[in-house]
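Student: Enclosed is the structure file work34.cif (mmCIF, N, CA and C atoms).
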```
data_final
loop_
_atom_site.label_atom_id
_atom_site.label_comp_id
_atom_site.auth_asym_id
_atom_site.auth_seq_id
_atom_site.Cartn_x
_atom_site.Cartn_y
_atom_site.Cartn_z
N MET H 20 19.52 23.58 -23.66
CA MET H 20 18.68 22.38 -23.67
C MET H 20 19.41 21.30 -24.46
N SER H 21 19.46 20.10 -23.91
CA SER H 21 20.15 19.02 -24.60
C SER H 21 19.28 18.45 -25.72
N GLU H 22 19.95 17.96 -26.72
CA GLU H 22 19.24 17.38 -27.86
C GLU H 22 18.81 15.96 -27.51
N ALA H 23 17.57 15.62 -27.82
CA ALA H 23 17.04 14.29 -27.53
C ALA H 23 17.69 13.26 -28.45
N LEU H 24 17.91 12.08 -27.90
CA LEU H 24 18.44 10.99 -28.70
C LEU H 24 17.38 10.50 -29.68
N PRO H 25 17.78 10.02 -30.86
CA PRO H 25 16.79 9.53 -31.81
C PRO H 25 16.12 8.23 -31.34
N PHE H 26 16.79 7.51 -30.44
CA PHE H 26 16.20 6.31 -29.84
C PHE H 26 17.01 5.96 -28.60
N TRP H 27 16.39 5.20 -27.71
CA TRP H 27 17.09 4.65 -26.56
C TRP H 27 16.30 3.46 -26.05
N LYS H 28 16.95 2.64 -25.25
CA LYS H 28 16.32 1.47 -24.64
C LYS H 28 16.90 1.30 -23.25
N LYS H 29 16.03 1.12 -22.28
CA LYS H 29 16.50 0.93 -20.90
C LYS H 29 15.48 0.10 -20.15
N ASN H 30 15.97 -0.82 -19.32
CA ASN H 30 15.11 -1.62 -18.47
C ASN H 30 15.06 -0.97 -17.10
N PRO H 31 13.86 -0.65 -16.58
CA PRO H 31 13.78 -0.03 -15.26
C PRO H 31 14.51 -0.81 -14.16
N ALA H 32 14.58 -2.12 -14.30
CA ALA H 32 15.26 -2.95 -13.29
C ALA H 32 16.75 -2.61 -13.20
N ASP H 33 17.31 -2.00 -14.23
CA ASP H 33 18.73 -1.63 -14.23
C ASP H 33 18.99 -0.27 -13.58
N VAL H 34 17.93 0.40 -13.12
CA VAL H 34 18.04 1.73 -12.53
C VAL H 34 17.86 1.62 -11.01
N GLU H 35 18.78 2.21 -10.27
CA GLU H 35 18.69 2.22 -8.80
C GLU H 35 17.53 3.11 -8.38
N PRO H 36 16.61 2.61 -7.53
CA PRO H 36 15.49 3.45 -7.11
C PRO H 36 15.91 4.47 -6.04
N VAL H 37 15.20 5.59 -6.02
CA VAL H 37 15.33 6.56 -4.95
C VAL H 37 13.99 6.56 -4.21
N VAL H 38 14.02 6.91 -2.94
CA VAL H 38 12.79 6.90 -2.14
C VAL H 38 12.24 8.32 -2.05
N ALA H 39 10.96 8.46 -2.42
CA ALA H 39 10.27 9.74 -2.32
C ALA H 39 9.39 9.71 -1.07
N GLN H 40 9.59 10.71 -0.21
CA GLN H 40 8.77 10.87 0.98
C GLN H 40 8.58 12.35 1.21
N ASN H 41 7.38 12.75 1.59
CA ASN H 41 7.12 14.12 2.01
C ASN H 41 5.79 14.16 2.75
N GLU H 42 5.39 15.34 3.18
CA GLU H 42 4.16 15.46 3.99
C GLU H 42 2.89 15.14 3.21
N HIS H 43 2.98 15.00 1.89
CA HIS H 43 1.82 14.70 1.06
C HIS H 43 1.69 13.20 0.75
N ILE H 44 2.68 12.43 1.23
CA ILE H 44 2.71 10.99 0.99
C ILE H 44 2.68 10.28 2.34
N LYS H 45 1.68 9.40 2.51
CA LYS H 45 1.64 8.55 3.71
C LYS H 45 2.27 7.22 3.29
N GLY H 46 3.49 7.02 3.73
CA GLY H 46 4.29 5.89 3.29
C GLY H 46 5.45 6.42 2.47
N GLU H 47 5.83 5.69 1.44
CA GLU H 47 6.92 6.12 0.57
C GLU H 47 6.72 5.55 -0.82
N VAL H 48 7.36 6.17 -1.79
CA VAL H 48 7.30 5.71 -3.18
C VAL H 48 8.74 5.45 -3.63
N HIS H 49 8.98 4.30 -4.24
CA HIS H 49 10.29 3.96 -4.77
C HIS H 49 10.29 4.32 -6.26
N VAL H 50 11.11 5.30 -6.62
CA VAL H 50 11.09 5.88 -7.96
C VAL H 50 12.35 5.49 -8.72
N ARG H 51 12.17 4.88 -9.87
CA ARG H 51 13.28 4.60 -10.79
C ARG H 51 13.15 5.59 -11.95
N VAL H 52 14.11 6.48 -12.08
CA VAL H 52 14.09 7.46 -13.17
C VAL H 52 14.73 6.80 -14.38
N VAL H 53 13.89 6.33 -15.28
CA VAL H 53 14.36 5.64 -16.48
C VAL H 53 14.92 6.64 -17.48
N SER H 54 14.27 7.81 -17.58
CA SER H 54 14.70 8.86 -18.51
C SER H 54 14.20 10.20 -18.02
N ARG H 55 14.93 11.27 -18.36
CA ARG H 55 14.48 12.64 -18.07
C ARG H 55 13.99 13.34 -19.33
N HIS H 56 14.37 12.86 -20.50
CA HIS H 56 13.95 13.48 -21.78
C HIS H 56 13.57 12.39 -22.77
N PRO H 57 12.35 11.96 -22.83
CA PRO H 57 11.21 12.40 -22.03
C PRO H 57 11.28 11.79 -20.64
N THR H 58 10.49 12.35 -19.72
CA THR H 58 10.44 11.79 -18.37
C THR H 58 9.70 10.45 -18.41
N VAL H 59 10.41 9.41 -17.97
CA VAL H 59 9.84 8.07 -17.84
C VAL H 59 10.24 7.58 -16.44
N LEU H 60 9.24 7.25 -15.64
CA LEU H 60 9.46 6.79 -14.27
C LEU H 60 8.80 5.44 -14.07
N GLU H 61 9.43 4.60 -13.28
CA GLU H 61 8.75 3.42 -12.77
C GLU H 61 8.61 3.63 -11.27
N ASN H 62 7.37 3.78 -10.81
CA ASN H 62 7.10 4.03 -9.39
C ASN H 62 6.53 2.78 -8.74
N THR H 63 7.16 2.38 -7.66
CA THR H 63 6.68 1.25 -6.86
C THR H 63 6.08 1.80 -5.58
N PHE H 64 4.82 1.48 -5.36
CA PHE H 64 4.07 1.93 -4.20
C PHE H 64 3.87 0.74 -3.27
N PRO H 65 4.51 0.73 -2.09
CA PRO H 65 4.24 -0.35 -1.15
C PRO H 65 2.76 -0.38 -0.77
N PRO H 66 2.31 -1.49 -0.18
CA PRO H 66 0.89 -1.62 0.16
C PRO H 66 0.34 -0.40 0.91
N ASN H 67 -0.82 0.07 0.43
CA ASN H 67 -1.60 1.14 1.07
C ASN H 67 -0.91 2.51 1.10
N THR H 68 0.15 2.71 0.33
CA THR H 68 0.77 4.03 0.26
C THR H 68 -0.26 5.01 -0.29
N TRP H 69 -0.36 6.18 0.33
CA TRP H 69 -1.39 7.18 0.02
C TRP H 69 -0.72 8.47 -0.42
N LEU H 70 -1.24 9.09 -1.50
CA LEU H 70 -0.74 10.38 -1.98
C LEU H 70 -1.89 11.37 -2.03
N GLY H 71 -1.63 12.61 -1.63
CA GLY H 71 -2.64 13.66 -1.62
C GLY H 71 -2.99 14.17 -3.00
N ARG H 72 -3.97 15.05 -3.04
CA ARG H 72 -4.44 15.66 -4.28
C ARG H 72 -3.32 16.49 -4.90
N HIS H 73 -3.18 16.40 -6.25
CA HIS H 73 -2.08 17.08 -6.93
C HIS H 73 -2.32 17.23 -8.42
N THR H 74 -1.41 17.94 -9.07
CA THR H 74 -1.41 18.09 -10.53
C THR H 74 0.00 17.79 -11.02
N HIS H 75 0.13 17.67 -12.36
CA HIS H 75 1.44 17.51 -12.98
C HIS H 75 1.62 18.55 -14.08
N GLY H 76 2.88 18.86 -14.38
CA GLY H 76 3.20 19.91 -15.34
C GLY H 76 3.24 19.46 -16.78
N SER H 77 2.75 18.26 -17.07
CA SER H 77 2.70 17.77 -18.45
C SER H 77 1.53 16.80 -18.59
N ASP H 78 1.10 16.58 -19.82
CA ASP H 78 0.19 15.47 -20.07
C ASP H 78 0.94 14.20 -19.67
N THR H 79 0.23 13.26 -19.07
CA THR H 79 0.91 12.09 -18.50
C THR H 79 0.15 10.81 -18.78
N LEU H 80 0.91 9.77 -19.13
CA LEU H 80 0.37 8.43 -19.30
C LEU H 80 0.81 7.57 -18.13
N TYR H 81 -0.10 6.75 -17.65
CA TYR H 81 0.18 5.80 -16.58
C TYR H 81 -0.13 4.40 -17.11
N ILE H 82 0.79 3.48 -16.92
CA ILE H 82 0.58 2.09 -17.31
C ILE H 82 0.78 1.25 -16.06
N VAL H 83 -0.24 0.52 -15.66
CA VAL H 83 -0.15 -0.30 -14.45
C VAL H 83 0.51 -1.62 -14.80
N LYS H 84 1.61 -1.89 -14.11
CA LYS H 84 2.36 -3.13 -14.33
C LYS H 84 1.97 -4.22 -13.33
N GLU H 85 1.75 -3.81 -12.07
CA GLU H 85 1.44 -4.77 -11.02
C GLU H 85 0.51 -4.13 -10.00
N GLY H 86 -0.30 -4.96 -9.35
CA GLY H 86 -1.12 -4.52 -8.23
C GLY H 86 -2.33 -3.71 -8.61
N GLU H 87 -2.89 -3.05 -7.61
CA GLU H 87 -4.06 -2.17 -7.80
C GLU H 87 -3.68 -0.77 -7.37
N PHE H 88 -4.23 0.22 -8.09
CA PHE H 88 -4.00 1.62 -7.75
C PHE H 88 -5.34 2.33 -7.79
N HIS H 89 -5.73 2.91 -6.66
CA HIS H 89 -7.03 3.55 -6.48
C HIS H 89 -6.89 5.05 -6.63
N ILE H 90 -7.83 5.66 -7.36
CA ILE H 90 -7.84 7.11 -7.52
C ILE H 90 -9.25 7.60 -7.23
N GLU H 91 -9.35 8.49 -6.24
CA GLU H 91 -10.66 8.98 -5.84
C GLU H 91 -11.37 9.60 -7.04
N GLY H 92 -12.62 9.20 -7.26
CA GLY H 92 -13.42 9.72 -8.35
C GLY H 92 -13.20 9.03 -9.68
N GLU H 93 -12.19 8.15 -9.76
CA GLU H 93 -11.89 7.43 -11.01
C GLU H 93 -12.00 5.93 -10.88
N GLY H 94 -11.84 5.42 -9.67
CA GLY H 94 -11.94 3.98 -9.48
C GLY H 94 -10.58 3.32 -9.32
N VAL H 95 -10.51 2.05 -9.71
CA VAL H 95 -9.33 1.22 -9.48
C VAL H 95 -8.67 0.88 -10.81
N LEU H 96 -7.35 1.08 -10.86
CA LEU H 96 -6.56 0.67 -12.02
C LEU H 96 -5.89 -0.66 -11.70
N ARG H 97 -5.86 -1.54 -12.70
CA ARG H 97 -5.27 -2.87 -12.53
C ARG H 97 -4.25 -3.14 -13.63
N PRO H 98 -3.43 -4.19 -13.48
CA PRO H 98 -2.39 -4.46 -14.48
C PRO H 98 -2.93 -4.45 -15.91
N GLY H 99 -2.20 -3.73 -16.76
CA GLY H 99 -2.59 -3.59 -18.16
C GLY H 99 -3.39 -2.33 -18.44
N ASP H 100 -3.97 -1.71 -17.40
CA ASP H 100 -4.73 -0.48 -17.60
C ASP H 100 -3.79 0.66 -17.96
N VAL H 101 -4.26 1.52 -18.87
CA VAL H 101 -3.54 2.72 -19.28
C VAL H 101 -4.43 3.92 -18.94
N ARG H 102 -3.85 4.92 -18.31
CA ARG H 102 -4.59 6.11 -17.88
C ARG H 102 -3.89 7.33 -18.46
N PHE H 103 -4.67 8.28 -18.95
CA PHE H 103 -4.15 9.56 -19.44
C PHE H 103 -4.68 10.67 -18.55
N VAL H 104 -3.79 11.62 -18.19
CA VAL H 104 -4.20 12.79 -17.41
C VAL H 104 -3.62 14.02 -18.09
N ALA H 105 -4.48 15.00 -18.36
CA ALA H 105 -4.04 16.24 -19.01
C ALA H 105 -3.26 17.11 -18.04
N LYS H 106 -2.30 17.84 -18.59
CA LYS H 106 -1.49 18.79 -17.82
C LYS H 106 -2.40 19.68 -16.98
N GLY H 107 -2.08 19.81 -15.69
CA GLY H 107 -2.82 20.70 -14.81
C GLY H 107 -4.12 20.15 -14.25
N HIS H 108 -4.54 18.94 -14.67
CA HIS H 108 -5.77 18.35 -14.13
C HIS H 108 -5.52 17.92 -12.69
N ALA H 109 -6.34 18.42 -11.76
CA ALA H 109 -6.20 18.07 -10.35
C ALA H 109 -6.92 16.75 -10.06
N TYR H 110 -6.25 15.87 -9.34
CA TYR H 110 -6.87 14.60 -8.96
C TYR H 110 -6.27 14.09 -7.66
N GLY H 111 -6.93 13.09 -7.11
CA GLY H 111 -6.48 12.49 -5.87
C GLY H 111 -7.51 12.74 -4.78
N PRO H 112 -7.25 12.19 -3.62
CA PRO H 112 -6.08 11.39 -3.33
C PRO H 112 -6.07 10.07 -4.09
N GLU H 113 -4.91 9.41 -4.02
CA GLU H 113 -4.74 8.11 -4.67
C GLU H 113 -3.94 7.22 -3.73
N TRP H 114 -4.12 5.90 -3.87
CA TRP H 114 -3.43 4.99 -2.97
C TRP H 114 -3.27 3.61 -3.61
N ALA H 115 -2.21 2.94 -3.17
CA ALA H 115 -1.94 1.57 -3.63
C ALA H 115 -2.85 0.61 -2.89
N GLY H 116 -3.15 -0.50 -3.54
CA GLY H 116 -3.97 -1.54 -2.93
C GLY H 116 -3.20 -2.30 -1.86
N PRO H 117 -3.83 -3.33 -1.30
CA PRO H 117 -3.23 -4.08 -0.18
C PRO H 117 -1.95 -4.82 -0.54
N ASN H 118 -1.70 -5.05 -1.82
CA ASN H 118 -0.47 -5.71 -2.26
C ASN H 118 0.50 -4.74 -2.92
N GLY H 119 0.21 -3.44 -2.84
CA GLY H 119 1.06 -2.44 -3.48
C GLY H 119 0.74 -2.31 -4.96
N ALA H 120 1.55 -1.51 -5.66
CA ALA H 120 1.35 -1.31 -7.09
C ALA H 120 2.67 -0.84 -7.73
N VAL H 121 2.82 -1.16 -9.00
CA VAL H 121 3.95 -0.67 -9.80
C VAL H 121 3.37 -0.02 -11.04
N LEU H 122 3.73 1.26 -11.26
CA LEU H 122 3.23 2.02 -12.42
C LEU H 122 4.40 2.55 -13.24
N LEU H 123 4.26 2.50 -14.54
CA LEU H 123 5.16 3.18 -15.46
C LEU H 123 4.49 4.51 -15.78
N ILE H 124 5.21 5.62 -15.56
CA ILE H 124 4.65 6.95 -15.73
C ILE H 124 5.47 7.69 -16.78
N ILE H 125 4.77 8.23 -17.79
CA ILE H 125 5.45 8.86 -18.92
C ILE H 125 4.89 10.26 -19.13
N ALA H 126 5.77 11.27 -19.04
CA ALA H 126 5.38 12.65 -19.34
C ALA H 126 5.39 12.81 -20.86
N VAL H 127 4.24 13.12 -21.40
CA VAL H 127 4.10 13.17 -22.86
C VAL H 127 4.71 14.43 -23.46
N ASN H 128 4.59 15.55 -22.76
CA ASN H 128 5.10 16.81 -23.31
C ASN H 128 5.56 17.71 -22.17
N GLY H 129 6.83 17.91 -22.05
CA GLY H 129 7.34 18.79 -21.01
C GLY H 129 7.79 18.05 -19.77
N ASP H 130 8.14 18.84 -18.75
CA ASP H 130 8.62 18.27 -17.50
C ASP H 130 7.47 17.75 -16.67
N PHE H 131 7.69 16.64 -16.01
CA PHE H 131 6.66 15.97 -15.22
C PHE H 131 6.23 16.83 -14.04
N GLY H 132 7.05 17.00 -13.06
CA GLY H 132 6.75 17.86 -11.91
C GLY H 132 5.44 17.55 -11.21
N THR H 133 5.42 17.70 -9.89
CA THR H 133 4.21 17.49 -9.10
C THR H 133 3.93 18.74 -8.26
N ASP H 134 2.73 19.27 -8.37
CA ASP H 134 2.28 20.38 -7.54
C ASP H 134 1.21 19.84 -6.60
N TRP H 135 1.52 19.84 -5.31
CA TRP H 135 0.59 19.32 -4.30
C TRP H 135 -0.46 20.35 -3.95
N LEU H 136 -1.69 19.91 -3.77
CA LEU H 136 -2.81 20.81 -3.52
C LEU H 136 -3.37 20.69 -2.12
N ASP H 137 -2.88 19.78 -1.33
CA ASP H 137 -3.42 19.63 0.03
C ASP H 137 -2.41 20.04 1.08
#
```
Go ahead and express the file in the form of structure tokens.
Tutor:
Amino acid sequence: MSEALPFWKKNPADVEPVVAQNEHIKGEVHVRVVSRHPTVLENTFPPNTWLGRHTHGSDTLYIVKEGEFHIEGEGVLRPGDVRFVAKGHAYGPEWAGPNGAVLLIIAVNGDFGTDWLD
């Protein structure tokens, strides 16, 4: 296991995005991996991108930077909203609003990982 740096600074705009697509995503997600230790992602969801029900392998913070992000049973997240989800909590489906959404996603403890439930 690599030793964590005592500090770092990185702008997500300086990271080349990769496109995430699979049978659980209707559309695609543009993922900028800002850091792996801890996991910090900037995810851009084009308009109306839909993701199925899932869990994550760590406690996770979500910070909405742009647009609207809808989560079934939780409502709508808007710019400035911060959301916490405990490790293993199942939620979804979720989808971006008509103008898309940009979220900063931070794994608080452990590896982020996504386990799809649908």
Student: What's around Glu87 (chain H) at 6.5 Å? Count all atoms listed in the file, leave out sequence neighbours fewer than 3 positions away in its own chain, and write the answer as a PyMOL selection string.
Tutor: chain H and resi 95-98+114-121
Student: Can you tell me which residues surround Glu35 (chain H) at a distance of at most 8 Å, considering all atoms listed in the file, apart from same-chain residues fewer than 4 positions away, and format the answer as a ChimeraX atom specification?
Tutor: /H:31,49-52
Student: Would you list the contacts of Arg102 (chain H) as JSON, numbers by chain, taking every protein, DNA or RNA residue within 6.5 Å and counting only N, CA and C atoms, but skipping same-chain residues closer than 6 positions in sequence?
Tutor: {"H": [79, 80, 81, 82, 83]}
Student: Which polymer residues, whether protein, DNA or RNA, lie within 8 Å of the coordinate (-8.9, 15.1, -7.9) when you count all atoms listed in the file? List them as a PyMOL selection string, using the chain letters and numbers from the file.
Tutor: chain H and resi 71-73+90-93+108-113
Student: Could you write out, as number ranges by chain, all the residues of chain H that DSSP marks as strand (DSSP E)?
Tutor: H: 37-39, 44-45, 48-55, 58-64, 69-70, 73-75, 79-90, 94-96, 101-104, 113-126, 133-135
Student: Please, what distance in Å, to one decimal, runs between atom C of Asn67 (chain H) and CA of Val127 (chain H)?
Tutor: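 Pair atom C of Asn67 (chain H) / CA of Val127 (chain H) returns 26.7 Å.
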Student: Give as a PDB file with N, CA and C atoms, in the frame of the given file the residues that the PyMOL selection byres ((chain H and resi 124) around 5) matches when applied to the coordinates above.
Tutor:
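File produced: out20.pdb:
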```
ATOM      1  N   VAL H  59      10.410   9.410 -17.970  1.00  0.00           N
ATOM      2  CA  VAL H  59       9.840   8.070 -17.840  1.00  0.00           C
ATOM      3  C   VAL H  59      10.240   7.580 -16.440  1.00  0.00           C
ATOM      4  N   LEU H  60       9.240   7.250 -15.640  1.00  0.00           N
ATOM      5  CA  LEU H  60       9.460   6.790 -14.270  1.00  0.00           C
ATOM      6  C   LEU H  60       8.800   5.440 -14.070  1.00  0.00           C
ATOM      7  N   GLU H  61       9.430   4.600 -13.280  1.00  0.00           N
ATOM      8  CA  GLU H  61       8.750   3.420 -12.770  1.00  0.00           C
ATOM      9  C   GLU H  61       8.610   3.630 -11.270  1.00  0.00           C
ATOM     10  N   LEU H  80       0.910   9.770 -19.130  1.00  0.00           N
ATOM     11  CA  LEU H  80       0.370   8.430 -19.300  1.00  0.00           C
ATOM     12  C   LEU H  80       0.810   7.570 -18.130  1.00  0.00           C
ATOM     13  N   TYR H  81      -0.100   6.750 -17.650  1.00  0.00           N
ATOM     14  CA  TYR H  81       0.180   5.800 -16.580  1.00  0.00           C
ATOM     15  C   TYR H  81      -0.130   4.400 -17.110  1.00  0.00           C
ATOM     16  N   LEU H 122       3.730   1.260 -11.260  1.00  0.00           N
ATOM     17  CA  LEU H 122       3.230   2.020 -12.420  1.00  0.00           C
ATOM     18  C   LEU H 122       4.400   2.550 -13.240  1.00  0.00           C
ATOM     19  N   LEU H 123       4.260   2.500 -14.540  1.00  0.00           N
ATOM     20  CA  LEU H 123       5.160   3.180 -15.460  1.00  0.00           C
ATOM     21  C   LEU H 123       4.490   4.510 -15.780  1.00  0.00           C
ATOM     22  N   ILE H 125       4.770   8.230 -17.790  1.00  0.00           N
ATOM     23  CA  ILE H 125       5.450   8.860 -18.920  1.00  0.00           C
ATOM     24  C   ILE H 125       4.890  10.260 -19.130  1.00  0.00           C
ATOM     25  N   ALA H 126       5.770  11.270 -19.040  1.00  0.00           N
ATOM     26  CA  ALA H 126       5.380  12.650 -19.340  1.00  0.00           C
ATOM     27  C   ALA H 126       5.390  12.810 -20.860  1.00  0.00           C
TER      28      ALA H 126
END
```
Student: Near Gly46 (chain H), within 8 Å and counting all atoms listed in the file, which residues show up once chain neighbours fewer than 4 positions away are dropped, as a PyMOL selection string?
Tutor: chain H and resi 39-41+65-70
Student: Mind giving me the straight-line distance from atom N of His56 (chain H) to atom N of Asp130 (chain H) in Å, one decimal?
Tutor: 8.8 Å
Student: For a test of reading the model, state the distance in Å between atom N of Glu47 (chain H) and atom C of Thr63 (chain H), rounded to one decimal.
Tutor: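 Between atom N of Glu47 (chain H) and atom C of Thr63 (chain H) the gap works out to 8.0 Å.
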Student: From the set H:His43, H:Lys84, H:Lys106, H:Lys28, which residue has the shortest atom-to-atom contact distance to Asn62 (chain H), counting only C-alpha atoms?
Tutor: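 For Asn62 (chain H), the nearest of the candidates is H:Lys84.
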